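Q: Quick one: the structure is below, and I'll ask about it shortly.
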Amino acid sequence: MKIATWNVNGIRARQAQFCEWLARDRPDVVCLQELKAELEQVPPQCQLEDYHVFWHGMRAYSGVSLHIRKEGFGAAPVFSHPNFDMESRIVQAEIGDLIVASVYVPNGGKNYAAKIDFMTRLAAWAKALHAAGRSLVLCGDLNIARTEMDVHPRERQPGIIGQRPEERALFETLLGEQLVDVGRTLDPDNAGLFTWWPPWRNMRARNIGWRLDYVLASPSVAAKAVSCTVLADYGTSDHAPVVMTTR
């Protein structure tokens, strides 16, 4: 199974790349973030017939979607939103005992308190699902670099949002015993493992970036992962897709 996540930074701007990527890699589950479009603004070519899909967007801001390949899962999943959803930032699908969620955590630049509250409630939600015996795959742009290793040395700035100690502590609470950071677990010593790059001064080509996009999975799912790859050379978003493959 392939489970993928990508902050597209505008589905209308990335519509051709999105379709090309899905046709090429055929992921079973796709989580998108930062759609910047309401449902009626989603390009028709992105409405792929072979996926169950839920678009959850806002005009020119935020937005997430979740795509489940029909061939891989058959019956249509049940889509919904946790009660802490705000600004169209999370959608989940129930597939048997498995919950898959696409999430876009607030950046925090305009309302840092809202970011902290969202992360706190996200962590409590994940813990409650674990306690109920549900498996979870949580994908998306968390807008937090988990550790110092997840930021290029030139981009490390004490106190900057996205690198603050309290944000990183909340990230660890989100993981707890219930979730595994699949990318870092499979590639623990890679100091160049980034998913977002500032869109100037050729930073992406120089790999001067941050790791902000994650596939987090329940231990039972993470144990089946054979790879979690950043497609650093794909697309014109400032974020790269991340793809977890399980056996």
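Residues in the structure tokens are named by chain (A, B, ... in the order shown) and by number from 1 within that chain; ligands are numbered from 1 in the order shown.
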From a backbone DSSP assignment, name each residue in segment 40-146 of chain A labelled helix (DSSP H, G or I), as a short mmCIF file (atom, residue, chain, number, x, y, z; two decimals) with N, CA, C and O atoms, in the first residue's frame.
A:
data_model
loop_
_atom_site.label_atom_id
_atom_site.label_comp_id
_atom_site.auth_asym_id
_atom_site.auth_seq_id
_atom_site.Cartn_x
_atom_site.Cartn_y
_atom_site.Cartn_z
N GLU A 40 -16.41 24.11 -5.45
CA GLU A 40 -16.76 24.49 -6.83
C GLU A 40 -15.56 25.06 -7.59
O GLU A 40 -15.62 25.20 -8.82
N GLN A 41 -14.48 25.38 -6.89
CA GLN A 41 -13.28 25.90 -7.55
C GLN A 41 -12.26 24.80 -7.88
O GLN A 41 -11.27 25.06 -8.55
N PRO A 44 -12.05 20.41 -12.65
CA PRO A 44 -12.71 19.14 -12.99
C PRO A 44 -11.73 18.00 -13.22
O PRO A 44 -12.04 16.85 -12.89
N GLN A 45 -10.56 18.29 -13.77
CA GLN A 45 -9.61 17.21 -14.06
C GLN A 45 -9.06 16.57 -12.78
O GLN A 45 -8.50 15.47 -12.82
N CYS A 46 -9.24 17.23 -11.64
CA CYS A 46 -8.79 16.66 -10.36
C CYS A 46 -9.83 15.74 -9.73
O CYS A 46 -9.55 15.09 -8.72
N LYS A 70 -10.43 3.43 -5.21
CA LYS A 70 -11.55 2.49 -5.16
C LYS A 70 -11.08 1.05 -5.32
O LYS A 70 -11.56 0.14 -4.65
N GLU A 71 -10.14 0.83 -6.21
CA GLU A 71 -9.66 -0.52 -6.49
C GLU A 71 -9.03 -1.16 -5.26
O GLU A 71 -9.13 -2.37 -5.05
N GLY A 72 -8.39 -0.36 -4.43
CA GLY A 72 -7.70 -0.91 -3.27
C GLY A 72 -8.60 -1.18 -2.09
O GLY A 72 -8.29 -2.02 -1.25
N PHE A 73 -9.74 -0.45 -2.00
CA PHE A 73 -10.57 -0.54 -0.80
C PHE A 73 -12.02 -0.92 -1.04
O PHE A 73 -12.71 -1.31 -0.12
N TYR A 112 -0.89 32.42 17.13
CA TYR A 112 -0.08 31.34 17.69
C TYR A 112 -0.88 30.51 18.70
O TYR A 112 -0.74 29.28 18.75
N ALA A 113 -1.73 31.16 19.45
CA ALA A 113 -2.54 30.44 20.43
C ALA A 113 -3.45 29.42 19.75
O ALA A 113 -3.67 28.32 20.28
N ALA A 114 -3.98 29.75 18.58
CA ALA A 114 -4.84 28.82 17.85
C ALA A 114 -4.05 27.61 17.39
O ALA A 114 -4.57 26.48 17.39
N LYS A 115 -2.80 27.81 17.02
CA LYS A 115 -1.95 26.68 16.62
C LYS A 115 -1.73 25.74 17.80
O LYS A 115 -1.84 24.51 17.67
N ILE A 116 -1.40 26.31 18.94
CA ILE A 116 -1.15 25.49 20.14
C ILE A 116 -2.41 24.73 20.54
O ILE A 116 -2.36 23.54 20.89
N ASP A 117 -3.55 25.39 20.47
CA ASP A 117 -4.81 24.73 20.82
C ASP A 117 -5.12 23.60 19.85
O ASP A 117 -5.54 22.51 20.26
N PHE A 118 -4.90 23.85 18.56
CA PHE A 118 -5.16 22.81 17.55
C PHE A 118 -4.27 21.60 17.79
O PHE A 118 -4.73 20.45 17.76
N MET A 119 -2.98 21.82 18.03
CA MET A 119 -2.06 20.71 18.27
C MET A 119 -2.42 19.96 19.55
O MET A 119 -2.33 18.72 19.60
N THR A 120 -2.83 20.68 20.57
CA THR A 120 -3.21 20.04 21.83
C THR A 120 -4.41 19.12 21.62
O THR A 120 -4.43 17.97 22.11
N ARG A 121 -5.39 19.59 20.88
CA ARG A 121 -6.59 18.80 20.64
C ARG A 121 -6.32 17.66 19.66
O ARG A 121 -6.92 16.58 19.77
N LEU A 122 -5.43 17.89 18.70
CA LEU A 122 -5.03 16.83 17.77
C LEU A 122 -4.38 15.68 18.54
O LEU A 122 -4.67 14.50 18.30
N ALA A 123 -3.50 16.01 19.48
CA ALA A 123 -2.83 14.99 20.28
C ALA A 123 -3.82 14.21 21.13
O ALA A 123 -3.73 12.98 21.25
N ALA A 124 -4.79 14.92 21.74
CA ALA A 124 -5.80 14.24 22.56
C ALA A 124 -6.67 13.32 21.72
O ALA A 124 -7.03 12.21 22.15
N TRP A 125 -7.00 13.76 20.51
CA TRP A 125 -7.80 12.94 19.59
C TRP A 125 -7.07 11.66 19.20
O TRP A 125 -7.64 10.56 19.23
N ALA A 126 -5.78 11.78 18.86
CA ALA A 126 -4.99 10.60 18.49
C ALA A 126 -4.87 9.63 19.66
O ALA A 126 -4.97 8.41 19.48
N LYS A 127 -4.69 10.17 20.84
CA LYS A 127 -4.58 9.31 22.03
C LYS A 127 -5.89 8.57 22.29
O LYS A 127 -5.89 7.38 22.65
N ALA A 128 -7.01 9.26 22.11
CA ALA A 128 -8.31 8.64 22.33
C ALA A 128 -8.58 7.52 21.33
O ALA A 128 -9.13 6.47 21.68
N LEU A 129 -8.19 7.72 20.08
CA LEU A 129 -8.35 6.67 19.07
C LEU A 129 -7.52 5.45 19.43
O LEU A 129 -7.97 4.31 19.31
N HIS A 130 -6.30 5.69 19.88
CA HIS A 130 -5.42 4.60 20.29
C HIS A 130 -6.03 3.83 21.45
O HIS A 130 -6.04 2.59 21.46
N ALA A 131 -6.57 4.56 22.42
CA ALA A 131 -7.17 3.92 23.59
C ALA A 131 -8.39 3.09 23.21
O ALA A 131 -8.70 2.09 23.87
#
Q: Per DSSP on the backbone, filter segment 38-175 of chain A down to the residues in strand (DSSP E) and report them as a count of residues only.
A: 40
Q: Could you please determine the separation between atom CA of Leu138 of chain A and atom CA of Gln92 of chain A in Å, to one decimal place?
A: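 Computing it gives 8.8 Å between the two atoms.
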Q: Give me the residues within 9 Å of segment 239-247 of chain A as number ranges by chain, counting only C-alpha atoms and dropping any in the same chain fewer than 5 places off.
A: A: 1-9, 27, 30, 140-141, 182-183, 194-197, 212-215, 221-234
Q: From the options A:Ser65, A:Asn207, A:Ser220, A:Asn111, which residue's atoms come nearest to Lys36 of chain A, counting only C-alpha atoms?
A: A:Ser65
